[in-house]
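A.B. asks: Input structure: upload02.cif, which contains mmCIF, C-alpha atoms.
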```cif
data_start
#
loop_
_atom_site.group_PDB
_atom_site.id
_atom_site.type_symbol
_atom_site.label_atom_id
_atom_site.label_comp_id
_atom_site.auth_asym_id
_atom_site.auth_seq_id
_atom_site.Cartn_x
_atom_site.Cartn_y
_atom_site.Cartn_z
ATOM 1 C CA MET A 13 -26.315 -35.077 47.546
ATOM 2 C CA ILE A 14 -28.703 -35.134 44.551
ATOM 3 C CA THR A 15 -27.210 -31.823 43.367
ATOM 4 C CA LYS A 16 -23.709 -33.337 43.517
ATOM 5 C CA ILE A 17 -24.825 -36.408 41.546
ATOM 6 C CA LEU A 18 -26.522 -34.188 38.962
ATOM 7 C CA LEU A 19 -23.376 -32.060 38.681
ATOM 8 C CA VAL A 20 -21.225 -35.169 38.163
ATOM 9 C CA ILE A 21 -23.624 -36.485 35.486
ATOM 10 C CA ILE A 22 -23.734 -33.119 33.706
ATOM 11 C CA GLY A 23 -19.941 -32.827 33.962
ATOM 12 C CA ALA A 24 -19.518 -36.311 32.490
ATOM 13 C CA LEU A 25 -21.929 -35.487 29.622
ATOM 14 C CA VAL A 26 -20.116 -32.233 28.838
ATOM 15 C CA ALA A 27 -16.743 -34.024 28.951
ATOM 16 C CA ALA A 28 -18.027 -36.762 26.617
ATOM 17 C CA GLY A 29 -19.427 -34.141 24.237
ATOM 18 C CA LEU A 30 -16.140 -32.231 24.211
ATOM 19 C CA ARG A 31 -14.125 -35.396 23.675
ATOM 20 C CA ASP A 32 -16.382 -36.392 20.780
ATOM 21 C CA TYR A 33 -16.103 -32.908 19.245
ATOM 22 C CA HIS A 34 -12.328 -32.920 19.674
ATOM 23 C CA GLN A 35 -12.025 -36.352 18.089
ATOM 24 C CA LYS A 36 -14.119 -35.358 15.079
ATOM 25 C CA GLN A 37 -12.159 -32.117 14.612
ATOM 26 C CA LYS A 38 -8.844 -33.932 14.985
ATOM 27 C CA THR A 39 -9.842 -36.516 12.370
ATOM 28 C CA LYS A 40 -10.812 -33.696 10.016
ATOM 29 C CA VAL A 41 -7.574 -31.766 10.603
ATOM 30 C CA ASP A 42 -5.500 -34.947 10.180
ATOM 31 C CA THR A 43 -7.290 -35.669 6.891
ATOM 32 C CA ILE A 44 -6.624 -32.123 5.677
ATOM 33 C CA HIS A 45 -2.952 -32.361 6.668
ATOM 34 C CA ALA A 46 -2.622 -35.718 4.876
ATOM 35 C CA LEU A 47 -4.154 -34.174 1.750
ATOM 36 C CA MET A 48 -1.726 -31.258 2.022
ATOM 37 C CA ASP A 49 1.188 -33.715 2.269
ATOM 38 C CA LYS A 50 -0.062 -35.402 -0.898
ATOM 39 C CA ALA A 51 -0.447 -32.045 -2.668
ATOM 40 C CA GLU A 52 3.063 -31.008 -1.615
ATOM 41 C CA GLN A 53 4.452 -34.300 -2.901
ATOM 42 C CA LEU A 54 2.634 -33.859 -6.218
ATOM 43 C CA LEU A 55 3.915 -30.296 -6.601
ATOM 44 C CA ASN A 56 7.479 -31.471 -6.008
ATOM 45 C CA GLU A 57 6.969 -34.334 -8.470
ATOM 46 C CA ILE A 58 5.673 -31.939 -11.139
ATOM 47 C CA VAL A 59 8.718 -29.677 -10.759
ATOM 48 C CA SER A 60 11.054 -32.668 -10.739
ATOM 49 C CA ASP A 61 9.361 -34.060 -13.904
ATOM 50 C CA LEU A 62 9.798 -30.683 -15.581
ATOM 51 C CA HIS A 63 13.482 -30.698 -14.633
ATOM 52 C CA GLY A 64 13.658 -34.043 -16.443
ATOM 53 C CA VAL A 65 11.988 -32.524 -19.505
ATOM 54 C CA ASP A 66 14.381 -29.574 -19.310
ATOM 55 C CA GLU A 67 17.349 -31.943 -19.376
ATOM 56 C CA LEU A 68 15.784 -33.879 -22.248
ATOM 57 C CA VAL A 69 15.301 -30.672 -24.223
ATOM 58 C CA LEU A 70 18.879 -29.566 -23.592
ATOM 59 C CA ARG A 71 20.158 -32.964 -24.702
ATOM 60 C CA GLU A 72 17.880 -33.503 -27.688
ATOM 61 C CA THR A 73 17.316 -30.011 -29.097
ATOM 62 C CA PRO A 74 20.288 -30.113 -31.516
ATOM 63 C CA LEU A 75 18.831 -33.357 -32.887
ATOM 64 C CA VAL A 76 15.405 -31.788 -33.349
ATOM 65 C CA ARG A 77 16.831 -29.897 -36.295
ATOM 66 C CA ASN A 78 17.170 -33.261 -37.917
ATOM 67 C CA LEU A 79 13.705 -33.976 -39.343
ATOM 68 C CA LYS A 80 14.054 -37.708 -38.783
ATOM 69 C CA ASN A 81 14.373 -37.263 -35.032
ATOM 70 C CA ARG A 82 11.911 -34.398 -34.645
ATOM 71 C CA ASP A 83 8.701 -36.456 -34.576
ATOM 72 C CA GLU A 84 10.134 -38.869 -32.026
ATOM 73 C CA PHE A 85 11.256 -35.957 -29.831
ATOM 74 C CA TYR A 86 7.794 -34.344 -29.870
ATOM 75 C CA ARG A 87 6.152 -37.691 -29.139
ATOM 76 C CA LEU A 88 8.394 -38.103 -26.119
ATOM 77 C CA LEU A 89 7.649 -34.548 -25.002
ATOM 78 C CA GLU A 90 3.907 -35.100 -25.426
ATOM 79 C CA ARG A 91 4.025 -38.267 -23.332
ATOM 80 C CA ARG A 92 5.705 -36.356 -20.484
ATOM 81 C CA ARG A 93 3.222 -33.513 -20.846
ATOM 82 C CA LEU A 94 0.208 -35.824 -20.554
ATOM 83 C CA LEU A 95 1.610 -37.304 -17.334
ATOM 84 C CA ILE A 96 2.054 -33.846 -15.849
ATOM 85 C CA VAL A 97 -1.476 -32.827 -16.918
ATOM 86 C CA ALA A 98 -2.786 -35.915 -15.082
ATOM 87 C CA LYS A 99 -0.861 -34.895 -11.944
ATOM 88 C CA GLU A 100 -2.094 -31.316 -12.182
ATOM 89 C CA THR A 101 -5.702 -32.530 -12.518
ATOM 90 C CA TYR A 102 -5.246 -34.714 -9.424
ATOM 91 C CA LEU A 103 -3.760 -31.745 -7.568
ATOM 92 C CA ARG A 104 -6.898 -29.727 -8.343
ATOM 93 C CA LYS A 105 -9.036 -32.555 -6.946
ATOM 94 C CA ILE A 106 -6.979 -32.596 -3.748
ATOM 95 C CA PHE A 107 -7.565 -28.872 -3.217
ATOM 96 C CA THR A 108 -11.277 -29.362 -3.888
ATOM 97 C CA GLU A 109 -11.354 -32.093 -1.239
ATOM 98 C CA ILE A 110 -9.462 -29.892 1.266
ATOM 99 C CA HIS A 111 -12.071 -27.198 0.638
ATOM 100 C CA ARG A 112 -14.886 -29.724 1.099
ATOM 101 C CA GLN A 113 -13.412 -30.748 4.459
ATOM 102 C CA ASP A 114 -13.340 -27.174 5.784
ATOM 103 C CA LYS A 115 -15.024 -24.577 3.604
ATOM 104 C CA LYS A 116 -14.370 -21.666 5.986
ATOM 105 C CA ILE A 117 -10.629 -21.990 6.410
ATOM 106 C CA TYR A 118 -9.615 -23.421 3.035
ATOM 107 C CA PRO A 119 -11.003 -21.812 -0.120
ATOM 108 C CA ILE A 120 -9.856 -23.434 -3.375
ATOM 109 C CA PRO A 121 -6.824 -21.386 -4.555
ATOM 110 C CA THR A 122 -8.250 -21.283 -8.098
ATOM 111 C CA ASP A 123 -6.129 -18.373 -9.330
ATOM 112 C CA LYS A 124 -2.915 -19.916 -8.047
ATOM 113 C CA LEU A 125 -3.833 -23.295 -9.569
ATOM 114 C CA ASN A 126 -4.641 -21.625 -12.891
ATOM 115 C CA ASN A 127 -1.324 -19.748 -12.809
ATOM 116 C CA LEU A 128 0.521 -23.002 -12.193
ATOM 117 C CA LYS A 129 -1.368 -24.745 -14.984
ATOM 118 C CA LYS A 130 -0.703 -21.870 -17.370
ATOM 119 C CA SER A 131 3.004 -21.782 -16.558
ATOM 120 C CA ILE A 132 3.225 -25.553 -17.164
ATOM 121 C CA GLY A 133 1.496 -25.032 -20.521
ATOM 122 C CA ASP A 134 3.895 -22.186 -21.357
ATOM 123 C CA PHE A 135 6.820 -24.434 -20.421
ATOM 124 C CA PHE A 136 5.725 -27.083 -22.907
ATOM 125 C CA ASP A 137 5.021 -24.456 -25.576
ATOM 126 C CA SER A 138 8.630 -23.305 -25.382
ATOM 127 C CA PRO A 139 10.716 -25.641 -23.219
ATOM 128 C CA GLN A 140 13.889 -23.999 -24.515
ATOM 129 C CA SER A 141 12.939 -20.701 -22.872
ATOM 130 C CA VAL A 142 15.180 -19.794 -19.930
ATOM 131 C CA ASN A 143 12.331 -18.417 -17.797
ATOM 132 C CA SER A 144 9.680 -21.084 -18.316
ATOM 133 C CA LEU A 145 10.820 -23.508 -15.613
ATOM 134 C CA ALA A 146 11.488 -20.654 -13.176
ATOM 135 C CA ALA A 147 7.886 -19.473 -13.658
ATOM 136 C CA VAL A 148 6.568 -22.948 -12.754
ATOM 137 C CA VAL A 149 8.721 -23.073 -9.614
ATOM 138 C CA ALA A 150 7.552 -19.571 -8.600
ATOM 139 C CA ASN A 151 3.902 -20.569 -9.033
ATOM 140 C CA LYS A 152 4.482 -23.812 -7.149
ATOM 141 C CA ASN A 153 5.981 -21.879 -4.229
ATOM 142 C CA ASP A 154 3.080 -19.452 -4.345
ATOM 143 C CA LEU A 155 0.652 -22.359 -4.123
ATOM 144 C CA MET A 156 2.492 -23.888 -1.186
ATOM 145 C CA ILE A 157 1.801 -20.729 0.828
ATOM 146 C CA SER A 158 -1.862 -21.850 0.777
ATOM 147 C CA PHE A 159 -0.914 -24.679 3.140
ATOM 148 C CA HIS A 160 -1.542 -23.031 6.478
ATOM 149 C CA ARG A 161 -1.683 -26.011 8.774
ATOM 150 C CA GLN A 162 -3.650 -25.889 12.027
ATOM 151 C CA PRO A 163 -1.472 -26.453 15.093
ATOM 152 C CA PHE A 164 -4.500 -26.502 17.447
ATOM 153 C CA ILE A 165 -8.010 -27.870 17.359
ATOM 154 C CA TRP A 166 -10.177 -24.762 17.496
ATOM 155 C CA PHE A 167 -13.663 -24.619 18.927
ATOM 156 C CA ASN A 168 -16.153 -23.476 16.354
ATOM 157 C CA PHE A 169 -19.357 -23.052 18.346
ATOM 158 C CA TRP A 170 -21.246 -21.734 15.336
ATOM 159 C CA LEU A 171 -20.693 -24.943 13.363
ATOM 160 C CA MET B 280 -28.535 -26.412 -30.076
ATOM 161 C CA LYS B 281 -25.593 -28.506 -31.209
ATOM 162 C CA ILE B 282 -23.740 -30.245 -28.385
ATOM 163 C CA LEU B 283 -20.050 -30.959 -28.888
ATOM 164 C CA ARG B 284 -18.358 -33.363 -26.511
ATOM 165 C CA VAL B 285 -14.593 -33.139 -26.302
ATOM 166 C CA SER B 286 -14.651 -36.795 -25.215
ATOM 167 C CA ASP B 287 -15.955 -37.689 -28.715
ATOM 168 C CA PHE B 288 -12.814 -36.042 -30.108
ATOM 169 C CA THR B 289 -10.391 -37.639 -27.634
ATOM 170 C CA LYS B 290 -10.052 -38.899 -24.075
ATOM 171 C CA PHE B 291 -6.553 -37.390 -23.934
ATOM 172 C CA PRO B 292 -6.558 -33.762 -25.085
ATOM 173 C CA GLY B 293 -3.120 -33.045 -26.467
ATOM 174 C CA PRO B 294 -0.760 -30.106 -26.978
ATOM 175 C CA ARG B 295 -1.336 -26.670 -28.499
ATOM 176 C CA HIS B 296 -0.354 -27.287 -32.125
ATOM 177 C CA LYS B 297 -0.773 -30.219 -34.505
ATOM 178 C CA LYS B 298 2.973 -30.376 -35.091
ATOM 179 C CA PHE B 299 3.543 -31.196 -31.393
ATOM 180 C CA GLY B 300 1.277 -34.255 -31.338
ATOM 181 C CA ASP B 301 -2.162 -35.781 -31.832
ATOM 182 C CA PHE B 302 -5.469 -34.376 -30.611
ATOM 183 C CA SER B 303 -4.153 -30.846 -30.247
ATOM 184 C CA GLY B 304 -6.164 -27.742 -29.415
ATOM 185 C CA GLU B 305 -5.508 -26.492 -32.930
ATOM 186 C CA GLU B 306 -6.949 -29.702 -34.411
ATOM 187 C CA PHE B 307 -10.030 -29.555 -32.182
ATOM 188 C CA ARG B 308 -10.639 -25.918 -33.131
ATOM 189 C CA ASP B 309 -10.166 -26.445 -36.868
ATOM 190 C CA THR B 310 -11.916 -29.795 -37.307
ATOM 191 C CA VAL B 311 -14.660 -29.640 -34.678
ATOM 192 C CA LEU B 312 -15.386 -26.140 -33.370
ATOM 193 C CA ILE B 313 -15.149 -24.032 -36.516
ATOM 194 C CA PRO B 314 -17.180 -26.437 -38.730
ATOM 195 C CA ALA B 315 -19.877 -26.520 -36.031
ATOM 196 C CA LEU B 316 -19.918 -22.706 -35.871
ATOM 197 C CA ASP B 317 -20.103 -22.506 -39.660
ATOM 198 C CA GLU B 318 -23.379 -24.422 -39.557
ATOM 199 C CA GLY B 319 -24.835 -21.362 -37.838
ATOM 200 C CA GLU B 320 -26.455 -23.222 -34.966
ATOM 201 C CA GLU B 321 -25.897 -22.375 -31.319
ATOM 202 C CA VAL B 322 -23.073 -24.545 -29.967
ATOM 203 C CA LYS B 323 -22.581 -26.012 -26.525
ATOM 204 C CA VAL B 324 -19.269 -27.624 -25.552
ATOM 205 C CA CYS B 325 -19.184 -30.351 -22.922
ATOM 206 C CA LEU B 326 -15.723 -30.691 -21.387
ATOM 207 C CA ASP B 327 -16.323 -33.758 -19.211
ATOM 208 C CA ASP B 328 -15.098 -37.368 -19.398
ATOM 209 C CA VAL B 329 -11.527 -36.701 -20.498
ATOM 210 C CA MET B 330 -8.273 -37.247 -18.622
ATOM 211 C CA GLY B 331 -7.483 -33.547 -18.096
ATOM 212 C CA TYR B 332 -6.632 -30.472 -20.110
ATOM 213 C CA GLY B 333 -3.403 -28.607 -20.543
ATOM 214 C CA SER B 334 -3.727 -24.832 -20.624
ATOM 215 C CA SER B 335 -2.255 -24.781 -24.149
ATOM 216 C CA PHE B 336 -5.032 -26.988 -25.518
ATOM 217 C CA LEU B 337 -7.740 -24.799 -24.001
ATOM 218 C CA GLU B 338 -6.106 -21.533 -25.036
ATOM 219 C CA GLU B 339 -5.551 -22.622 -28.617
ATOM 220 C CA ALA B 340 -8.948 -24.290 -29.045
ATOM 221 C CA PHE B 341 -11.059 -21.441 -27.650
ATOM 222 C CA ALA B 342 -9.041 -18.202 -27.590
ATOM 223 C CA GLY B 343 -7.545 -19.336 -30.898
ATOM 224 C CA LEU B 344 -10.984 -18.788 -32.463
ATOM 225 C CA ILE B 345 -10.391 -15.035 -32.146
ATOM 226 C CA ARG B 346 -7.048 -15.391 -33.914
ATOM 227 C CA LYS B 347 -8.883 -17.275 -36.675
ATOM 228 C CA ASN B 348 -11.147 -14.231 -37.124
ATOM 229 C CA ILE B 349 -14.298 -15.879 -35.812
ATOM 230 C CA PRO B 350 -16.674 -13.046 -34.765
ATOM 231 C CA ILE B 351 -16.416 -12.121 -31.083
ATOM 232 C CA ASP B 352 -20.138 -12.651 -30.445
ATOM 233 C CA LYS B 353 -19.886 -16.240 -31.689
ATOM 234 C CA VAL B 354 -16.865 -16.910 -29.480
ATOM 235 C CA ARG B 355 -18.643 -15.382 -26.478
ATOM 236 C CA MET B 356 -21.665 -17.567 -27.269
ATOM 237 C CA ILE B 357 -19.421 -20.621 -26.921
ATOM 238 C CA ALA B 358 -17.895 -19.199 -23.726
ATOM 239 C CA ASN B 359 -21.395 -18.900 -22.276
ATOM 240 C CA ASN B 360 -22.328 -22.427 -23.320
ATOM 241 C CA LEU B 361 -19.473 -24.347 -21.748
ATOM 242 C CA GLU B 362 -20.233 -27.221 -19.410
ATOM 243 C CA SER B 363 -17.846 -28.947 -17.025
ATOM 244 C CA LYS B 364 -19.215 -30.973 -14.147
ATOM 245 C CA ASP B 365 -15.869 -32.714 -13.521
ATOM 246 C CA ASP B 366 -13.983 -29.449 -13.001
ATOM 247 C CA PRO B 367 -16.163 -26.309 -12.968
ATOM 248 C CA CYS B 368 -13.011 -24.101 -12.783
ATOM 249 C CA LEU B 369 -12.310 -24.967 -16.429
ATOM 250 C CA VAL B 370 -15.179 -22.765 -17.559
ATOM 251 C CA SER B 371 -13.809 -19.632 -15.888
ATOM 252 C CA GLU B 372 -10.309 -20.526 -17.067
ATOM 253 C CA ILE B 373 -11.436 -20.707 -20.715
ATOM 254 C CA ARG B 374 -13.435 -17.480 -20.399
ATOM 255 C CA GLY B 375 -10.280 -15.822 -19.039
ATOM 256 C CA TYR B 376 -8.255 -16.965 -22.069
ATOM 257 C CA ILE B 377 -10.949 -15.711 -24.439
ATOM 258 C CA GLU B 378 -11.241 -12.301 -22.769
ATOM 259 C CA ASP B 379 -7.427 -11.931 -22.707
ATOM 260 C CA GLU B 380 -7.299 -12.678 -26.433
ATOM 261 C CA ILE B 381 -10.124 -10.233 -27.177
ATOM 262 C CA LYS B 382 -8.185 -7.521 -25.292
ATOM 263 C CA ARG B 383 -5.007 -8.422 -27.175
ATOM 264 C CA ALA B 384 -6.836 -8.305 -30.513
ATOM 265 C CA LYS B 385 -8.290 -4.867 -29.745
ATOM 266 C CA ASN B 386 -4.915 -3.359 -28.794
#
```
Now that the file is in, can you turn its structure into structure tokens?
C.D. replies:
Amino acid sequence: MITKILLVIIGALVAAGLRDYHQKQKTKVDTIHALMDKAEQLLNEIVSDLHGVDELVLRETPLVRNLKNRDEFYRLLERRRLLIVAKETYLRKIFTEIHRQDKKIYPIPTDKLNNLKKSIGDFFDSPQSVNSLAAVVANKNDLMISFHRQPFIWFNFWL
Amino acid sequence: MKILRVSDFTKFPGPRHKKFGDFSGEEFRDTVLIPALDEGEEVKVCLDDVMGYGSSFLEEAFAGLIRKNIPIDKVRMIANNLESKDDPCLVSEIRGYIEDEIKRAKN
């Protein structure tokens, strides 16, 4: 009888421990997935903003030859660029936070982030270039491959 | 050692060249970095407390020193004295731009 009671108590303790572990892991995974959603949204926003700049350049470039309009055009371009730099900086912080949440599974994709940043810089250096926006989109897609979401809650006994 | 804070130059680092807007990498290099290097002291650059850097600003400000014929050892000294607590990746990014430019200059 005592053995049965002990077994029930031990079973209940193990179950409580597992439930607690599962809940903590699930919260962590949900947080990571929410951060990934935010990063994905930011990446799409950056590309969409650049599309806007691309359209602006196509529309305004003939006017840039006119000195009177040139300064205004570059001011407008610079304003858009600063907004995208702010988004890119935020994106970097999101990846740092994802890494902080789970250092083993999610390293910071520094090279991919640097490539994206560089291609955005190249885009603004020569927005008229045919390839510049395509390079940003390619780097964005490359970065999105880093989002391997976890379908299950794994047991990490060594944690 | 002379400490240069980018935040004393601007909170919003701008584009690559002066002609594209205010607080450009070119302006920072020509009005802040090069005069500090000319004084002959060791220079440390603190990158914190600004709203974010575009790659063009960083490339022009630091790798642009090579294009301005600043001796490689002086440029490497700056590369080794960069500080960024807000985003430590910036340091390796700038070093990458400098090394790429050194390779380009040698070829």
A.B. asks: Hey, what comes out of the PyMOL selection byres ((chain A and resi 43-54) around 7) on this file? Could you write it as a PyMOL selection string?
C.D. replies: chain A and resi 39-42+55-58+99+103+106+110+159+161
A.B. asks: Go ahead and save the residues from that selection, with C-alpha atoms, as an mmCIF file, in the coordinates of the input.
C.D. replies:
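This went into result36.cif:
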```cif
data_model
loop_
_atom_site.group_PDB
_atom_site.id
_atom_site.type_symbol
_atom_site.label_atom_id
_atom_site.label_comp_id
_atom_site.auth_asym_id
_atom_site.auth_seq_id
_atom_site.Cartn_x
_atom_site.Cartn_y
_atom_site.Cartn_z
ATOM 1 C CA THR A 39 -9.842 -36.516 12.370
ATOM 2 C CA LYS A 40 -10.812 -33.696 10.016
ATOM 3 C CA VAL A 41 -7.574 -31.766 10.603
ATOM 4 C CA ASP A 42 -5.500 -34.947 10.180
ATOM 5 C CA LEU A 55 3.915 -30.296 -6.601
ATOM 6 C CA ASN A 56 7.479 -31.471 -6.008
ATOM 7 C CA GLU A 57 6.969 -34.334 -8.470
ATOM 8 C CA ILE A 58 5.673 -31.939 -11.139
ATOM 9 C CA LYS A 99 -0.861 -34.895 -11.944
ATOM 10 C CA LEU A 103 -3.760 -31.745 -7.568
ATOM 11 C CA ILE A 106 -6.979 -32.596 -3.748
ATOM 12 C CA ILE A 110 -9.462 -29.892 1.266
ATOM 13 C CA PHE A 159 -0.914 -24.679 3.140
ATOM 14 C CA ARG A 161 -1.683 -26.011 8.774
#
```
A.B. asks: Considering all atoms listed in the file, extract the chain A residues located within 8 Å of chain B and return them as a PyMOL selection string.
C.D. replies: chain A and resi 86-87+90+94+97-98+101+122+126+129-130+132-134+137
A.B. asks: Specify as a VMD selection string each residue included when the PyMOL selection byres ((chain B and resi 310-312) around 10) is applied to this file.
C.D. replies: chain B and resid 283 to 285 288 304 to 309 313 to 317 322 to 324 340 to 341 344 357
A.B. asks: For those residues, write C-alpha atoms to a file as a PDB file, keeping the file's coordinate frame.
C.D. replies:
```pdb
ATOM      1  CA  LEU B 283     -20.050 -30.959 -28.888  1.00  0.00           C
ATOM      2  CA  ARG B 284     -18.358 -33.363 -26.511  1.00  0.00           C
ATOM      3  CA  VAL B 285     -14.593 -33.139 -26.302  1.00  0.00           C
ATOM      4  CA  PHE B 288     -12.814 -36.042 -30.108  1.00  0.00           C
ATOM      5  CA  GLY B 304      -6.164 -27.742 -29.415  1.00  0.00           C
ATOM      6  CA  GLU B 305      -5.508 -26.492 -32.930  1.00  0.00           C
ATOM      7  CA  GLU B 306      -6.949 -29.702 -34.411  1.00  0.00           C
ATOM      8  CA  PHE B 307     -10.030 -29.555 -32.182  1.00  0.00           C
ATOM      9  CA  ARG B 308     -10.639 -25.918 -33.131  1.00  0.00           C
ATOM     10  CA  ASP B 309     -10.166 -26.445 -36.868  1.00  0.00           C
ATOM     11  CA  ILE B 313     -15.149 -24.032 -36.516  1.00  0.00           C
ATOM     12  CA  PRO B 314     -17.180 -26.437 -38.730  1.00  0.00           C
ATOM     13  CA  ALA B 315     -19.877 -26.520 -36.031  1.00  0.00           C
ATOM     14  CA  LEU B 316     -19.918 -22.706 -35.871  1.00  0.00           C
ATOM     15  CA  ASP B 317     -20.103 -22.506 -39.660  1.00  0.00           C
ATOM     16  CA  VAL B 322     -23.073 -24.545 -29.967  1.00  0.00           C
ATOM     17  CA  LYS B 323     -22.581 -26.012 -26.525  1.00  0.00           C
ATOM     18  CA  VAL B 324     -19.269 -27.624 -25.552  1.00  0.00           C
ATOM     19  CA  ALA B 340      -8.948 -24.290 -29.045  1.00  0.00           C
ATOM     20  CA  PHE B 341     -11.059 -21.441 -27.650  1.00  0.00           C
ATOM     21  CA  LEU B 344     -10.984 -18.788 -32.463  1.00  0.00           C
ATOM     22  CA  ILE B 357     -19.421 -20.621 -26.921  1.00  0.00           C
TER      23      ILE B 357
END
```
A.B. asks: Quick one: axis-aligned box around all listed atoms of range 109-119 of chain A, 8 Å on every side, centre and edge lengths in Å to one decimal, written as AutoDock Vina command-line options.
C.D. replies:
```
--center_x -12.2 --center_y -26.9 --center_z 2.6 --size_x 21.6 --size_y 26.4 --size_z 23.6
```
A.B. asks: Translate the PyMOL selection byres ((chain A and resi 140) around 8) into a concrete residue list for this structure, as a list in words.
C.D. replies: Asp66, Val69, Leu70, Ser138, Pro139, Ser141 and Val142 of chain A
A.B. asks: Distance CA of Lys353 in chain B-CA of Gly319 in chain B, one decimal place?
C.D. replies: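 Going from CA of Lys353 in chain B over to CA of Gly319 in chain B covers 9.4 Å.
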A.B. asks: Between CA of Lys152 in chain A and CA of Val329 in chain B, what is the distance, to one decimal in Å?
C.D. replies: 24.5 Å
A.B. asks: What is the CA of His160 in chain A to CA of Lys36 in chain A distance in Å?
C.D. replies: 19.6 Å
A.B. asks: Could you check the closest approach to Arg93 in chain A for each of A:Leu75, A:Leu62, A:Leu25, A:Met13 and tell me which residue wins, using all atoms listed in the file?
C.D. replies: A:Leu62
A.B. asks: Determine, counting only C-alpha atoms, which protein, DNA and RNA residues have an atom within 12 Å of an atom of Pro367 in chain B; residues of the same chain fewer than 4 positions away are not included. Present the result as a list in words.
C.D. replies: Arg104, Lys105, Thr108, Ile120 and Thr122 of chain A; Cys325, Leu326, Asp327, Leu361, Glu362, Ser363, Ser371, Glu372, Ile373 and Arg374 of chain B
A.B. asks: I need the residue nearest Ser158 in chain A from this list: A:Ile96, A:Ile17, A:Ala27, A:Ile117. Use only C-alpha atoms for the distance.
C.D. replies: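 Smallest separation from Ser158 in chain A among the options: A:Ile117.
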A.B. asks: Rank A:Gln35, A:Arg91, A:Leu145, A:Tyr118 by their smallest atom-to-atom distance to Gln162 in chain A, using all atoms listed in the file, and report the top residue only.
C.D. replies: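 Counting all atoms listed in the file, the residue closest to Gln162 in chain A is A:Tyr118.
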A.B. asks: Which neighbours of Val148 in chain A fall inside 8 Å, counting only C-alpha atoms, when residues of the same chain fewer than 4 positions from it are skipped, and could you give them as a VMD selection string?
C.D. replies: chain A and resid 59 128 131 to 132 135 144 152
